[in-house]
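The file upload38.pdb contains PDB, C-alpha atoms:
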```pdb
ATOM      1  CA  MET A 442      11.694 -14.559  23.789
ATOM      2  CA  ARG A 443      10.820 -12.676  26.988
ATOM      3  CA  GLN A 444       7.127 -12.195  27.620
ATOM      4  CA  PRO A 445       5.984  -8.694  28.621
ATOM      5  CA  THR A 446       5.328  -8.166  32.301
ATOM      6  CA  THR A 447       1.916  -7.231  33.664
ATOM      7  CA  ARG A 448       3.076  -3.623  34.019
ATOM      8  CA  GLU A 449       4.352  -3.528  30.445
ATOM      9  CA  ARG A 450       1.063  -4.932  29.120
ATOM     10  CA  ILE A 451      -0.903  -2.301  31.017
ATOM     11  CA  LEU A 452       1.344   0.474  29.680
ATOM     12  CA  ALA A 453       0.977  -0.817  26.113
ATOM     13  CA  ALA A 454      -2.809  -0.944  26.447
ATOM     14  CA  ALA A 455      -2.924   2.587  27.861
ATOM     15  CA  ALA A 456      -0.720   3.942  25.056
ATOM     16  CA  ARG A 457      -2.924   2.273  22.436
ATOM     17  CA  LEU A 458      -6.129   3.684  23.923
ATOM     18  CA  LEU A 459      -4.643   7.168  24.272
ATOM     19  CA  ASP A 460      -3.738   7.072  20.602
ATOM     20  CA  GLU A 461      -7.154   5.794  19.541
ATOM     21  CA  ALA A 462      -9.541   7.611  21.878
ATOM     22  CA  GLY A 463      -7.705  10.495  23.533
ATOM     23  CA  LEU A 464      -7.139  11.308  27.175
ATOM     24  CA  ALA A 465     -10.687  12.358  28.087
ATOM     25  CA  ARG A 466     -12.267   9.088  26.935
ATOM     26  CA  VAL A 467      -9.726   6.671  28.393
ATOM     27  CA  THR A 468     -10.708   5.003  31.669
ATOM     28  CA  THR A 469      -8.764   2.666  33.942
ATOM     29  CA  LYS A 470     -11.512   0.079  33.470
ATOM     30  CA  GLU A 471     -11.044   0.126  29.693
ATOM     31  CA  ILE A 472      -7.258   0.038  30.007
ATOM     32  CA  ALA A 473      -7.484  -3.022  32.249
ATOM     33  CA  ARG A 474      -9.887  -4.721  29.833
ATOM     34  CA  VAL A 475      -7.626  -4.164  26.807
ATOM     35  CA  ALA A 476      -4.594  -5.322  28.790
ATOM     36  CA  GLY A 477      -6.446  -8.495  29.793
ATOM     37  CA  PHE A 478      -6.549  -7.853  33.544
ATOM     38  CA  SER A 479      -9.006  -6.791  36.181
ATOM     39  CA  GLU A 480      -9.108  -3.161  37.300
ATOM     40  CA  PRO A 481      -7.774  -4.076  40.801
ATOM     41  CA  THR A 482      -4.700  -5.578  39.100
ATOM     42  CA  LEU A 483      -4.047  -2.234  37.450
ATOM     43  CA  TYR A 484      -4.076  -0.480  40.822
ATOM     44  CA  LYS A 485      -1.442  -2.873  42.141
ATOM     45  CA  HIS A 486       1.006  -1.249  39.719
ATOM     46  CA  PHE A 487      -0.256   2.355  39.509
ATOM     47  CA  ARG A 488      -1.761   4.667  42.127
ATOM     48  CA  ASP A 489      -4.372   6.158  39.829
ATOM     49  CA  LYS A 490      -5.112   7.037  36.205
ATOM     50  CA  GLU A 491      -2.783  10.029  36.278
ATOM     51  CA  ASP A 492       0.107   7.928  37.580
ATOM     52  CA  LEU A 493      -0.520   5.393  34.822
ATOM     53  CA  LEU A 494      -0.652   7.960  32.048
ATOM     54  CA  LEU A 495       2.538   9.618  33.241
ATOM     55  CA  ALA A 496       4.192   6.203  33.278
ATOM     56  CA  VAL A 497       3.131   5.710  29.653
ATOM     57  CA  LEU A 498       4.968   8.886  28.728
ATOM     58  CA  HIS A 499       7.993   8.118  30.880
ATOM     59  CA  ASP A 500       8.434   4.359  30.453
ATOM     60  CA  GLY A 501       6.046   3.040  27.856
ATOM     61  CA  LEU A 502       7.417   4.568  24.681
ATOM     62  CA  PRO A 503      10.065   2.977  22.444
ATOM     63  CA  HIS A 504      13.691   3.976  22.859
ATOM     64  CA  ILE A 505      15.910   5.346  20.115
ATOM     65  CA  ASP A 506      18.559   2.649  20.373
ATOM     66  CA  ALA A 507      20.723   4.309  17.706
ATOM     67  CA  LEU A 508      21.404   7.161  20.175
ATOM     68  CA  SER A 509      22.940   4.812  22.732
ATOM     69  CA  GLY A 510      26.680   5.481  22.714
ATOM     70  CA  LEU A 511      26.404   7.408  19.452
ATOM     71  CA  PRO A 512      29.264   9.880  20.154
ATOM     72  CA  GLU A 513      31.541   6.930  20.935
ATOM     73  CA  ARG A 514      30.805   5.460  17.504
ATOM     74  CA  ALA A 515      32.429   8.413  15.747
ATOM     75  CA  GLY A 516      34.912   7.156  13.181
ATOM     76  CA  THR A 517      33.051   3.882  12.631
ATOM     77  CA  GLY A 518      30.864   3.113   9.657
ATOM     78  CA  THR A 519      29.934   6.257   7.733
ATOM     79  CA  VAL A 520      28.527   9.521   8.991
ATOM     80  CA  GLU A 521      25.599   9.177   6.615
ATOM     81  CA  GLY A 522      24.828   5.631   7.704
ATOM     82  CA  ASN A 523      25.002   6.496  11.392
ATOM     83  CA  LEU A 524      22.706   9.484  10.971
ATOM     84  CA  ARG A 525      20.251   7.477   8.891
ATOM     85  CA  ASP A 526      19.942   4.954  11.712
ATOM     86  CA  VAL A 527      19.231   7.766  14.152
ATOM     87  CA  ALA A 528      16.725   9.489  11.880
ATOM     88  CA  GLU A 529      14.818   6.312  11.067
ATOM     89  CA  GLN A 530      14.451   5.355  14.713
ATOM     90  CA  ALA A 531      13.697   8.926  15.797
ATOM     91  CA  SER A 532      10.880   9.092  13.262
ATOM     92  CA  GLY A 533       9.377   5.918  14.679
ATOM     93  CA  PHE A 534       9.711   7.261  18.209
ATOM     94  CA  PHE A 535       7.946  10.498  17.332
ATOM     95  CA  ASP A 536       5.207   8.581  15.508
ATOM     96  CA  ARG A 537       4.437   6.853  18.808
ATOM     97  CA  SER A 538       5.119   9.673  21.249
ATOM     98  CA  ILE A 539       3.390  12.662  19.628
ATOM     99  CA  PRO A 540      -0.200  11.348  19.936
ATOM    100  CA  VAL A 541       0.402  10.232  23.517
ATOM    101  CA  GLY A 542       2.344  13.319  24.561
ATOM    102  CA  SER A 543      -0.196  15.676  23.020
ATOM    103  CA  ALA A 544      -2.880  14.223  25.269
ATOM    104  CA  ILE A 545      -1.473  15.941  28.363
ATOM    105  CA  PHE A 546      -0.925  19.435  26.966
ATOM    106  CA  ALA A 547      -4.395  20.505  28.076
ATOM    107  CA  GLU A 548      -3.778  19.013  31.535
ATOM    108  CA  ARG A 549      -1.458  21.563  33.127
ATOM    109  CA  ASP A 550      -0.908  19.682  36.373
ATOM    110  CA  MET A 551      -0.073  16.457  34.555
ATOM    111  CA  LEU A 552       2.246  18.288  32.167
ATOM    112  CA  ALA A 553       4.076  19.888  35.102
ATOM    113  CA  LYS A 554       4.525  16.480  36.735
ATOM    114  CA  GLN A 555       5.790  14.976  33.500
ATOM    115  CA  ARG A 556       8.331  17.778  33.125
ATOM    116  CA  ALA A 557       9.503  17.178  36.692
ATOM    117  CA  ARG A 558       9.902  13.448  36.029
ATOM    118  CA  LEU A 559      11.949  14.057  32.907
ATOM    119  CA  ARG A 560      14.178  16.641  34.540
ATOM    120  CA  ALA A 561      14.821  14.394  37.535
ATOM    121  CA  ALA A 562      15.806  11.546  35.213
ATOM    122  CA  GLY A 563      17.906  13.760  32.928
ATOM    123  CA  LEU A 564      15.601  12.941  30.029
ATOM    124  CA  GLY A 565      13.385  14.871  27.629
ATOM    125  CA  PRO A 566      12.827  15.550  23.929
ATOM    126  CA  GLN A 567      15.937  17.745  23.839
ATOM    127  CA  LEU A 568      18.179  14.776  24.581
ATOM    128  CA  ALA A 569      18.214  13.402  21.030
ATOM    129  CA  GLU A 570      19.383  16.721  19.614
ATOM    130  CA  ARG A 571      22.116  17.010  22.248
ATOM    131  CA  ILE A 572      23.467  13.509  21.571
ATOM    132  CA  VAL A 573      23.504  14.000  17.792
ATOM    133  CA  ALA A 574      25.380  17.287  18.274
ATOM    134  CA  GLU A 575      27.961  15.520  20.460
ATOM    135  CA  TYR A 576      28.375  12.868  17.790
ATOM    136  CA  LEU A 577      28.896  15.447  15.029
ATOM    137  CA  ARG A 578      31.421  17.277  17.194
ATOM    138  CA  ALA A 579      33.351  14.021  17.645
ATOM    139  CA  GLU A 580      33.296  13.434  13.881
ATOM    140  CA  GLN A 581      34.619  16.965  13.377
ATOM    141  CA  ARG A 582      37.631  16.128  15.513
ATOM    142  CA  LEU A 583      38.273  13.163  13.217
ATOM    143  CA  GLY A 584      37.922  15.304  10.102
ATOM    144  CA  ARG A 585      34.855  13.441   8.825
ATOM    145  CA  VAL A 586      32.555  16.459   9.241
ATOM    146  CA  SER A 587      33.400  19.993   8.150
ATOM    147  CA  ALA A 588      34.766  22.192  10.935
ATOM    148  CA  GLU A 589      32.585  25.022   9.600
ATOM    149  CA  VAL A 590      29.393  23.263  10.635
ATOM    150  CA  ALA A 591      27.648  24.177  13.891
ATOM    151  CA  PRO A 592      26.862  20.720  15.370
ATOM    152  CA  GLU A 593      23.874  22.002  17.342
ATOM    153  CA  ALA A 594      22.301  23.505  14.230
ATOM    154  CA  ALA A 595      22.846  20.356  12.154
ATOM    155  CA  ALA A 596      21.408  18.195  14.952
ATOM    156  CA  ALA A 597      18.367  20.460  15.214
ATOM    157  CA  LEU A 598      17.774  20.178  11.473
ATOM    158  CA  LEU A 599      17.910  16.389  11.550
ATOM    159  CA  VAL A 600      15.837  15.772  14.676
ATOM    160  CA  GLY A 601      13.469  18.593  13.776
ATOM    161  CA  ALA A 602      12.767  17.098  10.359
ATOM    162  CA  CYS A 603      11.901  13.752  11.959
ATOM    163  CA  PHE A 604       9.594  15.437  14.464
ATOM    164  CA  TYR A 605       7.878  17.579  11.835
ATOM    165  CA  ARG A 606       7.064  14.649   9.582
ATOM    166  CA  ALA A 607       5.663  12.676  12.509
ATOM    167  CA  PHE A 608       3.610  15.718  13.558
ATOM    168  CA  VAL A 609       2.104  16.053  10.087
ATOM    169  CA  ARG A 610       1.178  12.368  10.051
ATOM    170  CA  ALA A 611      -0.403  12.623  13.511
ATOM    171  CA  TYR A 612      -2.277  15.829  12.664
ATOM    172  CA  MET A 613      -3.448  14.955   9.161
ATOM    173  CA  GLY A 614      -3.697  11.182   9.487
ATOM    174  CA  GLU A 615      -1.273  10.755   6.620
ATOM    175  CA  GLY A 616       2.012  12.082   5.327
ATOM    176  CA  PRO A 617       5.504  11.040   4.299
ATOM    177  CA  GLY A 618       7.535   8.834   6.569
ATOM    178  CA  PHE A 619      11.273   8.939   7.053
ATOM    179  CA  THR A 620      13.306   8.798   3.860
ATOM    180  CA  PRO A 621      17.116   8.681   3.545
ATOM    181  CA  ASP A 622      16.856  11.844   1.430
ATOM    182  CA  VAL A 623      16.509  13.829   4.663
ATOM    183  CA  VAL A 624      19.988  12.800   5.786
ATOM    184  CA  THR A 625      21.419  13.159   2.285
ATOM    185  CA  ALA A 626      20.144  16.732   2.047
ATOM    186  CA  LEU A 627      21.589  17.537   5.466
ATOM    187  CA  LEU A 628      25.021  16.159   4.605
ATOM    188  CA  HIS A 629      25.321  17.582   1.131
ATOM    189  CA  GLY A 630      23.853  20.992   1.900
ATOM    190  CA  LEU A 631      22.240  23.383  -0.546
ATOM    191  CA  THR A 632      25.204  25.121  -2.126
ATOM    192  CA  PRO A 633      26.703  23.899  -5.418
ATOM    193  CA  GLY A 634      29.882  21.887  -5.154
ATOM    194  CA  PRO A 635      31.180  18.418  -4.318
ATOM    195  CA  SER A 636      28.560  16.325  -2.528
ATOM    196  CA  ALA A 637      30.803  13.477  -1.496
ATOM    197  CA  GLY A 638      34.045  13.093   0.372
ATOM    198  CA  ASP A 639      37.523  13.496  -1.018
ATOM    199  CA  GLY A 640      38.215   9.793  -0.818
ATOM    200  CA  ASP A 641      39.287   9.572   2.818
ATOM    201  CA  GLY A 642      35.803   9.369   4.307
ATOM    202  CA  ARG A 643      35.300  13.104   4.883
ATOM    203  CA  MET A 644      31.762  14.364   4.453
ATOM    204  CA  ASP A 645      31.101  17.817   3.005
ATOM    205  CA  MET A 646      28.603  19.620   5.233
ATOM    206  CA  SER A 647      29.759  23.137   4.410
ATOM    207  CA  GLY A 648      26.330  24.059   3.127
ATOM    208  CA  LEU A 649      25.097  24.099   6.713
ATOM    209  CA  GLY A 650      27.654  26.557   8.020
TER     210      GLY A 650
END
```
Here is a file; write its structure as structure tokens.
Amino acid sequence: MRQPTTRERILAAAARLLDEAGLARVTTKEIARVAGFSEPTLYKHFRDKEDLLLAVLHDGLPHIDALSGLPERAGTGTVEGNLRDVAEQASGFFDRSIPVGSAIFAERDMLAKQRARLRAAGLGPQLAERIVAEYLRAEQRLGRVSAEVAPEAAAALLVGACFYRAFVRAYMGEGPGFTPDVVTALLHGLTPGPSAGDGDGRMDMSGLG
């Protein structure tokens, strides 16, 4: 198993301290101590505290692996299973990213730099919603998702539900985690009628149209 690099250990320590103590109370000295290095070692990898904290937001958070190549997986497995994988991993991502990301909202200059980094890399919180919408559009072409559904709206409902639950947990210190019921409710909709396919793998999402 690959051991984390010095940079990765520093990023992990910074993310942990941001979550536990908040931006104002985190120092480079404390980050270095928790990471198990001297403060000069930290400055070999990062220019200053701001550079380190921005790197935590840009590089130090977990990835949502289920989004990788998701549109290309249309027609494989089941729509419900694919979306559950996305939702479960997205919930975990938001659990980690919300406390860290919230730390910079009061720091306007840092927030502006983070936005610039994300835009330059073609990344950002909107990416998950866009990829899920592309996947649903591909499933529509295969007839596994109702043509009446707006993919962008369905993607927003799914990703938004994951974000909201993570926000409640971060804000209140407790709350429900991801449950498959979120995806089930999205797929089956709210209107009375068949809640499963017609036997050929089609999913009824007409309640979202």
Tell me, as a PDB file with C-alpha atoms, keeping the file's coordinate frame, which residues lie within 7 Å of segment 572-583 of chain A, counting only C-alpha atoms; anything in the same chain fewer than 4 positions away does not count.
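Once everything was written out, this is around33.pdb:
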```
ATOM      1  CA  LEU A 508      21.404   7.161  20.175  1.00  0.00           C
ATOM      2  CA  LEU A 511      26.404   7.408  19.452  1.00  0.00           C
ATOM      3  CA  PRO A 512      29.264   9.880  20.154  1.00  0.00           C
ATOM      4  CA  ALA A 515      32.429   8.413  15.747  1.00  0.00           C
ATOM      5  CA  GLY A 516      34.912   7.156  13.181  1.00  0.00           C
ATOM      6  CA  LEU A 568      18.179  14.776  24.581  1.00  0.00           C
ATOM      7  CA  SER A 587      33.400  19.993   8.150  1.00  0.00           C
ATOM      8  CA  ALA A 588      34.766  22.192  10.935  1.00  0.00           C
ATOM      9  CA  PRO A 592      26.862  20.720  15.370  1.00  0.00           C
ATOM     10  CA  GLU A 593      23.874  22.002  17.342  1.00  0.00           C
ATOM     11  CA  ALA A 596      21.408  18.195  14.952  1.00  0.00           C
TER      12      ALA A 596
END
```
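The two atoms in question, atom CA of Ile539 of chain A and atom CA of Phe608 of chain A, are spaced 6.8 Å apart.
Proximity ranking of A:Gln530, A:Thr468, A:Thr519, A:Thr446 relative to Ala507 of chain A places A:Gln530 first, based on all atoms listed in the file.
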Please identify all polymer residues within 10 Å of segment 490-501 of chain A, counting all atoms listed in the file, omitting same-chain residues fewer than 5 positions from it, and present them as JSON, numbers by chain.
-> {"A": [448, 449, 450, 451, 452, 453, 454, 455, 456, 459, 464, 467, 468, 469, 470, 472, 483, 484, 537, 538, 539, 541, 542, 544, 545, 550, 551, 552, 554, 555, 556, 558, 559, 562, 564, 565]}
Interatomic distance (Å, one decimal) between atom CA of Val609 of chain A and atom CA of Pro540 of chain A | 11.2 Å
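A straight line drawn from atom CA of Leu458 of chain A to atom CA of Val475 of chain A is 8.5 Å long.
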Got a sec: who's within 10 Å of Ile505 of chain A, counting all atoms listed in the file, leaving out chain neighbours fewer than 3 positions off, as an MDAnalysis selection string?
-> chainID A and resid 502 508:509 526:535 569
Compare A:Gly518, A:Gly601, A:Gly614, A:Pro481 by their minimum atom-to-atom distance to Glu461 of chain A, counting all atoms listed in the file, and give me the closest one.
-> A:Gly614
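Of the listed residues (A:Asn523, A:Pro633, A:Leu628, A:Asp536), A:Asp536 comes nearest to Tyr612 of chain A; the distances count all atoms listed in the file.
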With distances taken over all atoms listed in the file, which of A:Glu570, A:Glu589, A:Glu521, A:Glu615 is nearest to Leu627 of chain A?
-> A:Glu521
